[in-house]
Structure formats: structure tokens, C-alpha cells
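For reference, coords25.cif is printed below; it contains mmCIF, C-alpha atoms.
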data_work
#
loop_
_atom_site.label_atom_id
_atom_site.label_comp_id
_atom_site.auth_asym_id
_atom_site.auth_seq_id
_atom_site.Cartn_x
_atom_site.Cartn_y
_atom_site.Cartn_z
CA MET A 1 -33.95 -25.20 -34.45
CA LEU A 2 -36.00 -22.27 -33.22
CA GLU A 3 -35.52 -21.63 -29.52
CA SER A 4 -38.47 -20.47 -27.49
CA ASP A 5 -38.31 -17.42 -25.26
CA LEU A 6 -36.95 -18.17 -21.82
CA ILE A 7 -39.28 -17.22 -18.98
CA LEU A 8 -38.01 -17.58 -15.44
CA TYR A 9 -40.81 -17.37 -12.86
CA ARG A 10 -40.06 -16.60 -9.22
CA GLU A 11 -40.33 -20.23 -8.15
CA ASP A 12 -37.97 -21.32 -10.95
CA ASN A 13 -35.55 -18.61 -9.94
CA GLU A 14 -35.60 -19.82 -6.33
CA ARG A 15 -34.79 -23.36 -7.43
CA VAL A 16 -31.98 -22.18 -9.68
CA MET A 17 -30.53 -19.87 -7.02
CA GLU A 18 -30.57 -22.61 -4.42
CA ILE A 19 -28.28 -24.71 -6.63
CA ILE A 20 -26.08 -21.76 -7.59
CA ASP A 21 -25.71 -20.63 -3.96
CA ARG A 22 -24.69 -24.13 -2.91
CA LEU A 23 -22.16 -24.41 -5.73
CA TYR A 24 -20.75 -21.02 -4.82
CA GLU A 25 -20.32 -22.06 -1.18
CA ASP A 26 -19.02 -25.57 -1.90
CA THR A 27 -16.35 -24.42 -4.34
CA THR A 28 -15.44 -21.17 -2.51
CA ALA A 29 -15.65 -19.60 -5.95
CA ARG A 30 -15.42 -15.88 -6.59
CA LEU A 31 -18.35 -15.91 -8.95
CA VAL A 32 -20.90 -18.34 -10.36
CA VAL A 33 -22.97 -17.26 -13.37
CA LEU A 34 -25.61 -18.97 -15.47
CA VAL A 35 -25.86 -17.72 -19.05
CA ASP A 36 -28.14 -18.59 -21.93
CA LYS A 37 -26.29 -19.63 -25.10
CA SER A 38 -27.55 -16.46 -26.79
CA GLY A 39 -25.60 -14.39 -24.24
CA GLN A 40 -28.27 -13.44 -21.70
CA GLN A 41 -27.31 -13.65 -18.04
CA ILE A 42 -29.80 -15.82 -16.15
CA ALA A 43 -28.47 -15.95 -12.60
CA VAL A 44 -25.43 -14.81 -10.69
CA LYS A 45 -23.89 -15.31 -7.26
CA GLY A 46 -20.70 -13.78 -5.92
CA ASP A 47 -18.61 -10.68 -6.26
CA THR A 48 -20.77 -8.80 -8.77
CA GLU A 49 -19.11 -5.50 -7.84
CA GLU A 50 -15.76 -6.61 -9.17
CA PHE A 51 -16.93 -8.43 -12.31
CA ASP A 52 -18.86 -6.94 -15.21
CA THR A 53 -21.26 -9.86 -15.40
CA THR A 54 -23.17 -8.58 -18.46
CA SER A 55 -19.98 -8.49 -20.52
CA LEU A 56 -18.90 -11.78 -19.01
CA ALA A 57 -22.17 -13.41 -20.10
CA SER A 58 -21.85 -12.14 -23.66
CA LEU A 59 -18.19 -13.14 -24.03
CA THR A 60 -18.76 -16.56 -22.48
CA ALA A 61 -21.59 -17.26 -24.89
CA GLY A 62 -19.32 -16.20 -27.76
CA ASN A 63 -16.60 -18.46 -26.44
CA VAL A 64 -18.95 -21.44 -26.17
CA ALA A 65 -20.45 -20.71 -29.59
CA ALA A 66 -17.00 -20.68 -31.19
CA THR A 67 -16.10 -23.90 -29.40
CA ASP A 68 -19.35 -25.51 -30.57
CA GLY A 69 -18.34 -24.52 -34.10
CA LEU A 70 -14.95 -26.18 -33.61
CA ALA A 71 -16.65 -29.33 -32.28
CA GLN A 72 -18.80 -29.53 -35.39
CA LEU A 73 -15.74 -29.15 -37.60
CA LEU A 74 -14.17 -32.12 -35.82
CA GLY A 75 -17.37 -34.15 -35.93
CA GLU A 76 -17.90 -33.94 -32.16
CA ARG A 77 -21.37 -33.27 -30.78
CA GLU A 78 -20.00 -30.69 -28.35
CA PHE A 79 -17.12 -29.96 -26.03
CA THR A 80 -18.90 -29.86 -22.71
CA ILE A 81 -16.17 -28.21 -20.64
CA LEU A 82 -13.90 -25.21 -21.23
CA PHE A 83 -11.21 -24.16 -18.81
CA HIS A 84 -9.11 -21.01 -18.83
CA GLU A 85 -6.23 -20.79 -16.40
CA GLY A 86 -4.92 -17.40 -15.33
CA GLU A 87 -2.24 -16.19 -12.93
CA ARG A 88 -4.83 -15.21 -10.34
CA ASP A 89 -8.27 -16.32 -11.55
CA ASN A 90 -9.46 -19.33 -13.49
CA ILE A 91 -12.67 -19.80 -15.45
CA HIS A 92 -14.49 -23.12 -15.65
CA ILE A 93 -17.24 -23.20 -18.26
CA SER A 94 -19.66 -26.07 -18.82
CA VAL A 95 -22.88 -26.58 -20.74
CA VAL A 96 -26.11 -27.62 -19.01
CA ALA A 97 -29.13 -29.04 -20.81
CA GLN A 98 -27.51 -28.10 -24.15
CA ARG A 99 -28.72 -24.53 -23.85
CA ILE A 100 -27.44 -23.08 -20.59
CA ILE A 101 -23.84 -22.22 -19.73
CA LEU A 102 -22.53 -22.56 -16.18
CA VAL A 103 -19.53 -20.35 -15.43
CA VAL A 104 -17.43 -20.64 -12.28
CA ILE A 105 -14.63 -18.16 -11.61
CA PHE A 106 -12.26 -19.22 -8.85
CA ASP A 107 -8.80 -18.44 -7.47
CA ASP A 108 -6.26 -20.14 -5.20
CA ASN A 109 -8.87 -20.59 -2.49
CA SER A 110 -10.35 -23.37 -4.59
CA SER A 111 -9.04 -25.96 -7.03
CA LEU A 112 -9.92 -27.29 -10.45
CA GLY A 113 -10.62 -30.75 -9.02
CA LEU A 114 -13.07 -29.40 -6.47
CA VAL A 115 -14.80 -27.19 -9.04
CA ARG A 116 -15.16 -30.06 -11.51
CA LEU A 117 -16.60 -32.31 -8.83
CA ARG A 118 -19.14 -29.79 -7.55
CA VAL A 119 -20.06 -28.60 -11.04
CA ARG A 120 -20.89 -32.17 -12.00
CA ARG A 121 -23.37 -32.45 -9.13
CA ALA A 122 -24.85 -29.00 -9.78
CA THR A 123 -25.21 -29.83 -13.47
CA VAL A 124 -27.43 -32.83 -12.72
CA GLN A 125 -29.64 -30.67 -10.49
CA LEU A 126 -29.75 -27.77 -12.93
CA GLU A 127 -30.65 -30.06 -15.81
CA LYS A 128 -33.72 -31.23 -13.92
CA VAL A 129 -34.81 -27.68 -13.17
CA PHE A 130 -34.19 -26.39 -16.69
CA ARG A 131 -35.98 -29.31 -18.27
CA MET A 132 -39.06 -28.13 -16.37
CA ILE A 133 -38.46 -24.48 -17.28
CA LEU A 134 -37.80 -25.08 -20.96
CA ASP A 135 -40.52 -27.68 -21.42
CA PRO A 136 -43.03 -27.28 -18.60
CA PRO A 137 -45.70 -29.96 -18.16
CA HIS A 138 -49.06 -28.64 -19.27
CA GLY A 139 -50.90 -26.57 -16.66
CA THR A 140 -47.92 -26.00 -14.39
CA THR A 141 -46.95 -22.50 -15.50
CA PRO A 142 -48.56 -19.43 -13.98
CA ALA A 143 -51.49 -17.98 -15.88
CA ALA A 144 -50.53 -16.44 -19.20
CA THR A 145 -52.21 -13.25 -18.05
CA GLU A 146 -49.30 -12.72 -15.64
CA ASN A 147 -46.88 -12.27 -18.53
CA PRO A 148 -45.77 -8.61 -18.44
CA ALA A 149 -45.43 -8.60 -22.22
CA LEU A 150 -49.20 -8.86 -22.46
CA GLU A 151 -49.64 -5.53 -20.74
CA ILE A 152 -47.24 -3.58 -22.94
CA THR A 153 -49.08 -0.78 -24.69
CA ASP A 154 -47.96 1.39 -27.60
CA GLU A 155 -47.67 4.27 -25.14
CA ASP A 156 -45.30 2.21 -22.96
CA ILE A 157 -43.06 1.54 -25.94
CA ASN A 158 -43.13 5.17 -27.03
CA ARG A 159 -42.26 6.28 -23.50
CA LEU A 160 -39.12 4.12 -23.53
CA PHE A 161 -37.86 6.23 -26.41
CA GLY A 162 -38.93 9.54 -24.99
CA GLY A 163 -42.00 10.06 -27.08
CA MET B 164 -34.94 -15.14 -27.85
CA THR B 165 -36.40 -12.85 -25.26
CA PHE B 166 -35.54 -13.64 -21.66
CA ILE B 167 -38.09 -12.60 -19.03
CA ASN B 168 -36.95 -12.87 -15.42
CA TYR B 169 -39.78 -12.40 -12.91
CA ALA B 170 -37.52 -12.42 -9.85
CA ALA B 171 -35.22 -9.71 -11.22
CA GLN B 172 -38.18 -8.01 -13.00
CA GLU B 173 -36.33 -7.84 -16.30
CA ILE B 174 -37.11 -8.25 -19.98
CA ASN B 175 -33.99 -8.88 -22.10
CA CYS B 176 -33.94 -8.78 -25.90
CA LYS B 177 -31.20 -9.22 -28.51
CA ILE B 178 -30.77 -7.16 -31.66
CA VAL B 179 -28.14 -7.96 -34.31
CA TYR B 180 -26.63 -5.45 -36.74
CA TYR B 181 -25.96 -7.28 -40.00
CA GLY B 182 -24.51 -6.25 -43.35
CA PRO B 183 -21.42 -6.24 -45.58
CA GLY B 184 -17.92 -5.42 -44.36
CA LEU B 185 -17.06 -1.76 -43.71
CA GLY B 186 -20.72 -0.82 -44.07
CA GLY B 187 -21.07 0.96 -40.69
CA LYS B 188 -22.33 -1.64 -38.22
CA THR B 189 -19.62 -1.05 -35.62
CA THR B 190 -19.78 2.71 -36.20
CA SER B 191 -23.53 2.62 -35.53
CA LEU B 192 -22.96 0.86 -32.22
CA GLN B 193 -20.16 3.25 -31.29
CA TYR B 194 -22.47 6.21 -31.92
CA ILE B 195 -25.24 4.68 -29.80
CA HIS B 196 -22.70 4.03 -27.05
CA ASN B 197 -21.36 7.60 -27.16
CA ARG B 198 -24.80 9.17 -27.11
CA THR B 199 -26.37 7.10 -24.35
CA LEU B 200 -26.17 8.13 -20.70
CA PRO B 201 -23.54 6.06 -18.85
CA SER B 202 -26.27 4.94 -16.43
CA ALA B 203 -28.25 3.42 -19.30
CA ARG B 204 -25.48 1.54 -21.01
CA GLY B 205 -22.87 -1.09 -20.26
CA LYS B 206 -19.43 -1.46 -21.69
CA LEU B 207 -19.00 -1.57 -25.47
CA ILE B 208 -17.02 -4.70 -26.22
CA SER B 209 -15.30 -5.06 -29.59
CA LEU B 210 -13.60 -8.27 -30.59
CA ALA B 211 -11.63 -6.80 -33.47
CA THR B 212 -8.39 -7.33 -35.36
CA GLU B 213 -5.40 -5.02 -34.96
CA THR B 214 -6.68 -3.06 -37.92
CA ASP B 215 -10.06 -2.53 -36.23
CA ARG B 216 -11.97 -4.94 -38.42
CA THR B 217 -14.62 -6.87 -36.49
CA LEU B 218 -13.25 -10.34 -35.86
CA PHE B 219 -16.12 -11.89 -33.93
CA PHE B 220 -18.62 -9.32 -32.67
CA ASP B 221 -19.24 -6.00 -30.94
CA PHE B 222 -21.58 -5.98 -27.98
CA LEU B 223 -23.42 -3.13 -26.28
CA PRO B 224 -25.99 -3.62 -23.50
CA LEU B 225 -28.61 -0.86 -23.24
CA ASP B 226 -31.12 -0.21 -20.48
CA LEU B 227 -34.19 1.40 -22.01
CA GLY B 228 -36.16 2.00 -18.81
CA SER B 229 -39.18 0.27 -17.31
CA ILE B 230 -42.47 -1.09 -18.55
CA ARG B 231 -44.99 -2.12 -15.91
CA GLY B 232 -42.24 -2.50 -13.31
CA PHE B 233 -40.00 -4.58 -15.56
CA ARG B 234 -36.60 -3.18 -16.66
CA VAL B 235 -36.29 -3.43 -20.43
CA ARG B 236 -32.78 -4.29 -21.59
CA PHE B 237 -31.58 -4.59 -25.16
CA HIS B 238 -28.35 -6.33 -26.07
CA LEU B 239 -26.97 -5.01 -29.36
CA TYR B 240 -24.54 -7.13 -31.35
CA THR B 241 -22.76 -6.63 -34.66
CA VAL B 242 -21.49 -9.44 -36.87
CA PRO B 243 -18.20 -9.46 -38.79
CA GLY B 244 -19.11 -8.34 -42.30
CA GLN B 245 -16.24 -9.86 -44.23
CA VAL B 246 -17.43 -12.75 -46.38
CA PHE B 247 -15.07 -15.39 -44.94
CA TYR B 248 -16.35 -14.91 -41.38
CA ASP B 249 -19.64 -16.60 -42.16
CA ALA B 250 -19.35 -19.23 -39.41
CA SER B 251 -19.06 -16.45 -36.82
CA ARG B 252 -22.00 -14.49 -38.29
CA LYS B 253 -24.20 -17.52 -37.98
CA LEU B 254 -23.26 -18.04 -34.33
CA ILE B 255 -24.11 -14.47 -33.38
CA LEU B 256 -27.62 -14.70 -34.83
CA ARG B 257 -28.47 -17.31 -32.23
CA GLY B 258 -31.37 -16.08 -30.09
CA ALA B 259 -31.78 -12.81 -32.03
CA ASP B 260 -35.10 -10.99 -31.55
CA GLY B 261 -34.57 -8.45 -34.32
CA VAL B 262 -32.13 -7.45 -37.06
CA VAL B 263 -30.89 -4.10 -38.37
CA PHE B 264 -29.42 -4.50 -41.84
CA VAL B 265 -26.75 -1.84 -42.45
CA ALA B 266 -26.34 -1.40 -46.21
CA ASP B 267 -23.48 0.55 -47.80
CA SER B 268 -24.90 3.12 -50.26
CA GLN B 269 -21.84 3.18 -52.53
CA PRO B 270 -22.48 1.66 -55.97
CA GLU B 271 -19.38 -0.54 -55.81
CA ARG B 272 -20.76 -2.16 -52.64
CA PHE B 273 -24.18 -2.92 -54.06
CA ASP B 274 -23.42 -6.56 -54.86
CA ALA B 275 -21.92 -7.03 -51.39
CA ASN B 276 -25.17 -5.69 -49.89
CA LEU B 277 -27.26 -8.04 -51.94
CA GLU B 278 -25.09 -11.02 -51.09
CA SER B 279 -25.27 -10.11 -47.40
CA VAL B 280 -29.09 -9.96 -47.39
CA ARG B 281 -29.18 -13.43 -48.94
CA ASN B 282 -26.62 -14.62 -46.42
CA LEU B 283 -28.74 -13.22 -43.59
CA GLU B 284 -31.78 -15.08 -44.84
CA ILE B 285 -29.85 -18.36 -45.03
CA ASN B 286 -28.19 -17.97 -41.63
CA LEU B 287 -31.48 -17.05 -39.96
CA ARG B 288 -33.09 -20.11 -41.46
CA ALA B 289 -30.34 -22.27 -39.95
CA HIS B 290 -31.59 -21.08 -36.54
CA GLY B 291 -35.23 -21.69 -37.45
CA PHE B 292 -35.99 -17.99 -38.02
CA ASP B 293 -37.84 -16.55 -40.98
CA LEU B 294 -36.77 -13.08 -42.10
CA ARG B 295 -40.29 -12.51 -43.44
CA THR B 296 -41.76 -12.58 -39.94
CA MET B 297 -38.82 -11.26 -37.94
CA PRO B 298 -38.53 -7.67 -36.64
CA TYR B 299 -36.31 -6.08 -39.27
CA VAL B 300 -35.24 -2.65 -40.53
CA LEU B 301 -33.08 -1.59 -43.46
CA GLN B 302 -30.54 1.11 -42.68
CA LEU B 303 -29.14 2.75 -45.82
CA ASN B 304 -25.82 4.05 -44.59
CA LYS B 305 -23.23 6.53 -45.91
CA ARG B 306 -25.90 8.82 -47.33
CA ASP B 307 -23.42 11.72 -47.09
CA LEU B 308 -21.15 10.30 -49.77
CA PRO B 309 -21.48 12.12 -53.13
CA ARG B 310 -21.60 8.84 -55.06
CA ALA B 311 -24.29 7.28 -52.89
CA MET B 312 -26.88 5.41 -54.98
CA PRO B 313 -30.40 6.89 -55.02
CA VAL B 314 -32.51 5.84 -52.02
CA GLU B 315 -35.34 4.65 -54.24
CA GLU B 316 -33.11 2.32 -56.22
CA LEU B 317 -31.47 0.86 -53.11
CA THR B 318 -34.85 0.42 -51.45
CA ASN B 319 -36.34 -1.31 -54.47
CA ARG B 320 -33.48 -3.72 -54.82
CA LEU B 321 -32.48 -4.42 -51.21
CA ARG B 322 -35.77 -4.38 -49.43
CA TYR B 323 -36.69 -7.89 -48.39
CA LYS B 324 -40.31 -7.32 -47.41
CA ASP B 325 -42.11 -4.18 -46.29
CA GLU B 326 -39.52 -3.34 -43.65
CA PRO B 327 -39.00 0.30 -42.69
CA VAL B 328 -36.08 1.97 -44.49
CA PHE B 329 -33.89 4.60 -42.84
CA GLU B 330 -31.26 6.85 -44.36
CA THR B 331 -28.25 7.06 -42.06
CA VAL B 332 -24.81 8.55 -41.71
CA ALA B 333 -23.35 6.42 -38.93
CA THR B 334 -20.20 8.54 -38.55
CA LYS B 335 -22.40 11.50 -37.59
CA GLY B 336 -25.16 9.43 -36.05
CA THR B 337 -27.84 10.65 -38.44
CA GLY B 338 -30.80 8.27 -38.39
CA VAL B 339 -29.05 5.63 -36.27
CA PHE B 340 -31.30 6.01 -33.23
CA THR B 341 -34.42 6.19 -35.39
CA ALA B 342 -33.59 2.80 -36.91
CA LEU B 343 -32.85 1.31 -33.49
CA LYS B 344 -36.11 2.66 -32.06
CA ASP B 345 -38.11 1.18 -34.89
CA VAL B 346 -36.67 -2.31 -34.61
CA SER B 347 -37.03 -2.17 -30.80
CA ARG B 348 -40.71 -1.24 -31.19
CA GLN B 349 -41.17 -4.18 -33.52
CA VAL B 350 -39.45 -6.53 -31.05
CA LEU B 351 -41.60 -5.43 -28.11
CA GLY B 352 -44.71 -5.56 -30.29
CA ASN B 353 -43.79 -9.09 -31.28
CA LEU B 354 -43.29 -10.01 -27.65
CA ARG B 355 -46.75 -8.73 -26.80
CA ARG B 356 -48.34 -10.64 -29.65
CA GLY B 357 -46.41 -13.78 -28.69
CA ALA B 358 -47.71 -13.57 -25.12
CA ALA B 359 -51.32 -13.18 -26.20
#

Step by step, read the file and then write its structure as C-alpha cells.
Amino acid sequence: MLESDLILYREDNERVMEIIDRLYEDTTARLVVLVDKSGQQIAVKGDTEEFDTTSLASLTAGNVAATDGLAQLLGEREFTILFHEGERDNIHISVVAQRIILVVIFDDNSSLGLVRLRVRRATVQLEKVFRMILDPPHGTTPAATENPALEITDEDINRLFGG
Amino acid sequence: MTFINYAAQEINCKIVYYGPGLGGKTTSLQYIHNRTLPSARGKLISLATETDRTLFFDFLPLDLGSIRGFRVRFHLYTVPGQVFYDASRKLILRGADGVVFVADSQPERFDANLESVRNLEINLRAHGFDLRTMPYVLQLNKRDLPRAMPVEELTNRLRYKDEPVFETVATKGTGVFTALKDVSRQVLGNLRRGAA
């Protein structure tokens, strides 16, 4: 199925960040990241200095994609949760609204039980928000004229490549 | 799938390098990585086997600069070229905004090129994409090899539509940036048309 472009307006971003901030606080996580299944990082909260979040987003999406492939092989619709346990850090990965990946990295200051509990609540909230973002009711998005893509000129594109 | 974030003022696009095994996809990305300012690129990630064959994908994030106050970022991916990694190739095409097909100019690899173009078409269709309307360039690689097939013959037989064709030598970087620029232009042009 063809996926539409993902456009996150300021108001959407505020709603998403509110949920992510709360999850980050409630779980005492080191990092919370939202990633699109194609590998694009959507939102992040936490120690962004220590983690290369762009690489993290891409690898997580690859991980989820491979797991989706495994699910199909087994006749499952999807495996909704992935968990990687390390000596210091752990990664909890879950899928929201079938298209968005929620990643929580945590250490000994938190626990898997707490993360699972809080992720479940955040997932319900995020699903509501992303349903609106991915399929907005007619007339609720800002005017199309605000889309920066509309203003791109040939000169702008040429300038990106130095001529 | 382009991702536009108004709060972060970013436009993010995804380009996939496709083609037969050992054709020069990873080498193209490595050249782009080596020749881009550290401030404009992220880490090059390669999920490869011990013998340096791509197992899952290579990934390189590039920051191209700003348009109208929005940072323009391109995420470049390669697919594993070996035939039996088809499931992985299909996964990586998810959300692609444009494709660079890296063909191997050696005559003994011609059938592999042809098979890979067909495979690309099928895998794109599985994601709802149509190669006929998608930003796409054909990169004829290994032009420095003495036995390289003539450009005209390769173009005639591998070209899928009227896509631009570029002669490249990925090991030296010849033509690699030109091909990337062209597909990026097409992607941004598509984005503009889509917004209109």
C-alpha cells in the first residue's frame, strides 16, 4: 500500500512531544524516540548528545522491518514488541498505529515492567494523535499554501548542490 | 515518503541505491561519505557480512542545506544485491522517494542487471509505487573497465523509461555525485508538484 508523506505541523508536534516527555519522565528512560517505519526520526527526548539518534532511527526501522518479515513467514500479523537486553542499556521497541515505532532506551534506573506499563498508556495516546495526523478530518489541516515544498524553486534546488 | 516537520523545520527524503550484487552501490555511498564535509553528513552504517558483502543495508544521512528556512536532509540507503536477499531488498524500499539504479557495465553481468531492474519494478509495486512515475536515474558503473559494454547498448536495453543515464566509476567517484544530484532534484521537484 502506498504511504502518504508524513507532515507534522507545530500543533501536532506539541501533542506528540507532550506524550513523549511524559513517557520519558515516568519511565526515567535515557532516551525516547519516535521513528517512522521507513527510518525517519519523528521526535526525540533525552540524552541526544550521547546517542546518534539518526542512526538509531534507521537501524530500529530495519530491525522492525526484519521482524515484520519474520511475522509474515510465521503467519502472524505483526510482533508488536521487541526487547533487547544489554549489560548497561536496554531497548524496548513497539509499534504504534501500524506505522510508527516507539523506542525507549533505559538502564538500571528503570525496569522492563515499568517501561511496558507506561509504553502501553503512551501508545493509546499516540495512536489517537497519529490517527489525526495520518488521516486528518477534512478542513482541519493548515492551508496548503503553508507547505514549504510549494515554495521550492529551481534556483533553490540548484543552490543546494552549489550551482 | 517525505517527512516534513514544521517544528524542527526539516524536510527529510529517502533515496535507495538498487542494482545487482557487486555492482558498486556500497562503493558509491562510501565515496559520497568520504567527499562530504563532516558537518553535512552523519555516520555511514554498513550491515555487512565478514566478507564485506551487504547483508541488510548501508545507510548514510546527508544534510544538503536549507530551502526557505527548512533543512533539507536526504537519507541514502543501499540494498543487498545478491539474488537471495530479496526479502530484505523489498523492506528497504519502504518509504523511498527516489531510486538510483547502479548497473554493472561488464557483459557477464548484463543478465543480472536486467533481472535486477525487473525485481525493482516488482518490489516497488508491492509498496504501491510505480517506477514509471518515480524519481529514478540509471547509473552505468565500472566504465573504466576495458570490457565494459558500450553505453548506447546498455542504455537501450536497461533504460526503463526516459530516466537520465550517468556513466560512473564508483571507485574513483566519477559521476557519482552527478547521479545523486539528479535524483535529488527529481525528488524535490516531485515534492513541489505533490504540494500544489

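Considering the residues A:Ile81, A:Ile157, A:Ile105, A:Ala66 and counting all atoms listed in the file, Tyr248 of chain B has its shortest atom-to-atom contact with A:Ala66.
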
If the PyMOL selection byres ((chain B) within 8 of (chain A)) is run on the structure shown, which residues does it catch, given as a compact mmCIF listing (two decimals) with C-alpha atoms, in the frame of the given file?
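Once written, part_5.txt looks like this:
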# COMPACT_ATOMS: atom_id res chain seq x y z
CA MET B 164 -34.94 -15.14 -27.85
CA THR B 165 -36.40 -12.85 -25.26
CA PHE B 166 -35.54 -13.64 -21.66
CA ILE B 167 -38.09 -12.60 -19.03
CA ASN B 168 -36.95 -12.87 -15.42
CA TYR B 169 -39.78 -12.40 -12.91
CA ALA B 170 -37.52 -12.42 -9.85
CA ASN B 175 -33.99 -8.88 -22.10
CA GLY B 205 -22.87 -1.09 -20.26
CA LYS B 206 -19.43 -1.46 -21.69
CA ILE B 208 -17.02 -4.70 -26.22
CA PHE B 222 -21.58 -5.98 -27.98
CA PRO B 224 -25.99 -3.62 -23.50
CA LEU B 227 -34.19 1.40 -22.01
CA GLY B 228 -36.16 2.00 -18.81
CA SER B 229 -39.18 0.27 -17.31
CA ILE B 230 -42.47 -1.09 -18.55
CA ARG B 231 -44.99 -2.12 -15.91
CA PHE B 233 -40.00 -4.58 -15.56
CA ALA B 250 -19.35 -19.23 -39.41
CA SER B 251 -19.06 -16.45 -36.82
CA LEU B 254 -23.26 -18.04 -34.33
CA ILE B 255 -24.11 -14.47 -33.38
CA ARG B 257 -28.47 -17.31 -32.23
CA GLY B 258 -31.37 -16.08 -30.09
CA ALA B 259 -31.78 -12.81 -32.03
CA ALA B 289 -30.34 -22.27 -39.95
CA HIS B 290 -31.59 -21.08 -36.54
CA GLY B 291 -35.23 -21.69 -37.45
CA PHE B 292 -35.99 -17.99 -38.02
CA LYS B 344 -36.11 2.66 -32.06
CA ARG B 348 -40.71 -1.24 -31.19
CA LEU B 351 -41.60 -5.43 -28.11
CA LEU B 354 -43.29 -10.01 -27.65
CA ARG B 355 -46.75 -8.73 -26.80
CA ARG B 356 -48.34 -10.64 -29.65
CA ALA B 358 -47.71 -13.57 -25.12
CA ALA B 359 -51.32 -13.18 -26.20

Check your understanding: By how many Å are atom CA of Val262 of chain B and atom CA of Tyr180 of chain B apart?
Key -> 5.9 Å

Exercise for review: Excluding Val115 of chain A and any residue of its chain fewer than 5 positions from it, enumerate the residues within 9 Å of it, using all atoms listed in the file, and give them as a list of chain:residue names.
Suggested key: A:Leu23, A:Asp26, A:Thr27, A:Thr28, A:Ala29, A:His92, A:Val104, A:Phe106, A:Ser110, A:Arg120

Practice item. Write out as JSON, numbers by chain each polymer residue whose atoms come within 12 Å of Thr337 of chain B, counting only C-alpha atoms; drop sequence neighbours fewer than 2 positions from it. Key: {"B": [190, 191, 194, 195, 198, 302, 303, 304, 305, 306, 307, 329, 330, 331, 332, 333, 334, 335, 339, 340, 341, 342, 343]}

Requested write-out: C-alpha atoms of the selected residues, as a compact mmCIF listing (two decimals), in the frame of the given file:
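So the final result, stored in selection20.txt, reads:
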# COMPACT_ATOMS: atom_id res chain seq x y z
CA THR B 190 -19.78 2.71 -36.20
CA SER B 191 -23.53 2.62 -35.53
CA TYR B 194 -22.47 6.21 -31.92
CA ILE B 195 -25.24 4.68 -29.80
CA ARG B 198 -24.80 9.17 -27.11
CA GLN B 302 -30.54 1.11 -42.68
CA LEU B 303 -29.14 2.75 -45.82
CA ASN B 304 -25.82 4.05 -44.59
CA LYS B 305 -23.23 6.53 -45.91
CA ARG B 306 -25.90 8.82 -47.33
CA ASP B 307 -23.42 11.72 -47.09
CA PHE B 329 -33.89 4.60 -42.84
CA GLU B 330 -31.26 6.85 -44.36
CA THR B 331 -28.25 7.06 -42.06
CA VAL B 332 -24.81 8.55 -41.71
CA ALA B 333 -23.35 6.42 -38.93
CA THR B 334 -20.20 8.54 -38.55
CA LYS B 335 -22.40 11.50 -37.59
CA VAL B 339 -29.05 5.63 -36.27
CA PHE B 340 -31.30 6.01 -33.23
CA THR B 341 -34.42 6.19 -35.39
CA ALA B 342 -33.59 2.80 -36.91
CA LEU B 343 -32.85 1.31 -33.49

Check your understanding: If the PyMOL selection byres ((chain A and resi 101) around 7) is run on the structure shown, which residues does it catch, given as a list in words?
Key -> Leu34, Val35, Asp36, Lys37, Ile93, Ser94, Val95, Val96, Arg99, Ile100, Leu102 and Val103 of chain A

Atoms kept (C-alpha atoms) for selection, written as a PDB file, in the frame of the given file:
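Ended up saving to out.pdb:
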ATOM      1  CA  LEU A  34     -25.610 -18.970 -15.470  1.00  0.00           C
ATOM      2  CA  VAL A  35     -25.860 -17.720 -19.050  1.00  0.00           C
ATOM      3  CA  ASP A  36     -28.140 -18.590 -21.930  1.00  0.00           C
ATOM      4  CA  LYS A  37     -26.290 -19.630 -25.100  1.00  0.00           C
ATOM      5  CA  ILE A  93     -17.240 -23.200 -18.260  1.00  0.00           C
ATOM      6  CA  SER A  94     -19.660 -26.070 -18.820  1.00  0.00           C
ATOM      7  CA  VAL A  95     -22.880 -26.580 -20.740  1.00  0.00           C
ATOM      8  CA  VAL A  96     -26.110 -27.620 -19.010  1.00  0.00           C
ATOM      9  CA  ARG A  99     -28.720 -24.530 -23.850  1.00  0.00           C
ATOM     10  CA  ILE A 100     -27.440 -23.080 -20.590  1.00  0.00           C
ATOM     11  CA  LEU A 102     -22.530 -22.560 -16.180  1.00  0.00           C
ATOM     12  CA  VAL A 103     -19.530 -20.350 -15.430  1.00  0.00           C
TER      13      VAL A 103
END

I'd like the residues picked by the PyMOL selection byres ((chain A and resi 46) around 6) written out as a PDB file with C-alpha atoms, in the frame of the given file, using the chain letters and numbers from the file.
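In the end it all went to selection19.pdb:
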ATOM      1  CA  ARG A  30     -15.420 -15.880  -6.590  1.00  0.00           C
ATOM      2  CA  LEU A  31     -18.350 -15.910  -8.950  1.00  0.00           C
ATOM      3  CA  LYS A  45     -23.890 -15.310  -7.260  1.00  0.00           C
ATOM      4  CA  ASP A  47     -18.610 -10.680  -6.260  1.00  0.00           C
ATOM      5  CA  THR A  48     -20.770  -8.800  -8.770  1.00  0.00           C
TER       6      THR A  48
END

Enclosing box along x, y and z for every listed atom of segment 121-124 of chain A, padded 3 Å each side, centre and size in Å, one decimal, as AutoDock Vina command-line options:
--center_x -25.4 --center_y -30.9 --center_z -11.3 --size_x 10.1 --size_y 9.8 --size_z 10.3

Check your understanding: If we count all atoms listed in the file, what is near Gln193 of chain B at a cut-off of 8 Å, once residues fewer than 4 positions away on the same chain are taken out, given as a PyMOL selection string?
Key -> chain B and resi 189+197+207

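Between Arg236 of chain B and the residues B:Gln349, B:Asn319, B:Ser268, B:Gln172, the shortest atom-to-atom distance, using all atoms listed in the file, involves B:Gln172.
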
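All residues of protein, DNA or RNA that reach within 10 Å of Ala122 of chain A, judged by all atoms listed in the file and not counting those fewer than 5 positions away in the chain, are Val16, Ile19, Ile20, Arg22, Leu23, Val96, Leu102, Arg116, Leu117 and Glu127 of chain A.
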
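One finds atom CA of Lys188 of chain B at 16.7 Å from atom CA of Leu308 of chain B.
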
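The gap separating atom CA of Glu85 of chain A from atom CA of Leu114 of chain A is 14.8 Å, in Å to one decimal.
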
Practice item. Go through B:Glu213, B:Leu256, B:Ile178, B:Glu315 and flag the residue nearest Leu287 of chain B, using only C-alpha atoms for the distances. Key: B:Leu256
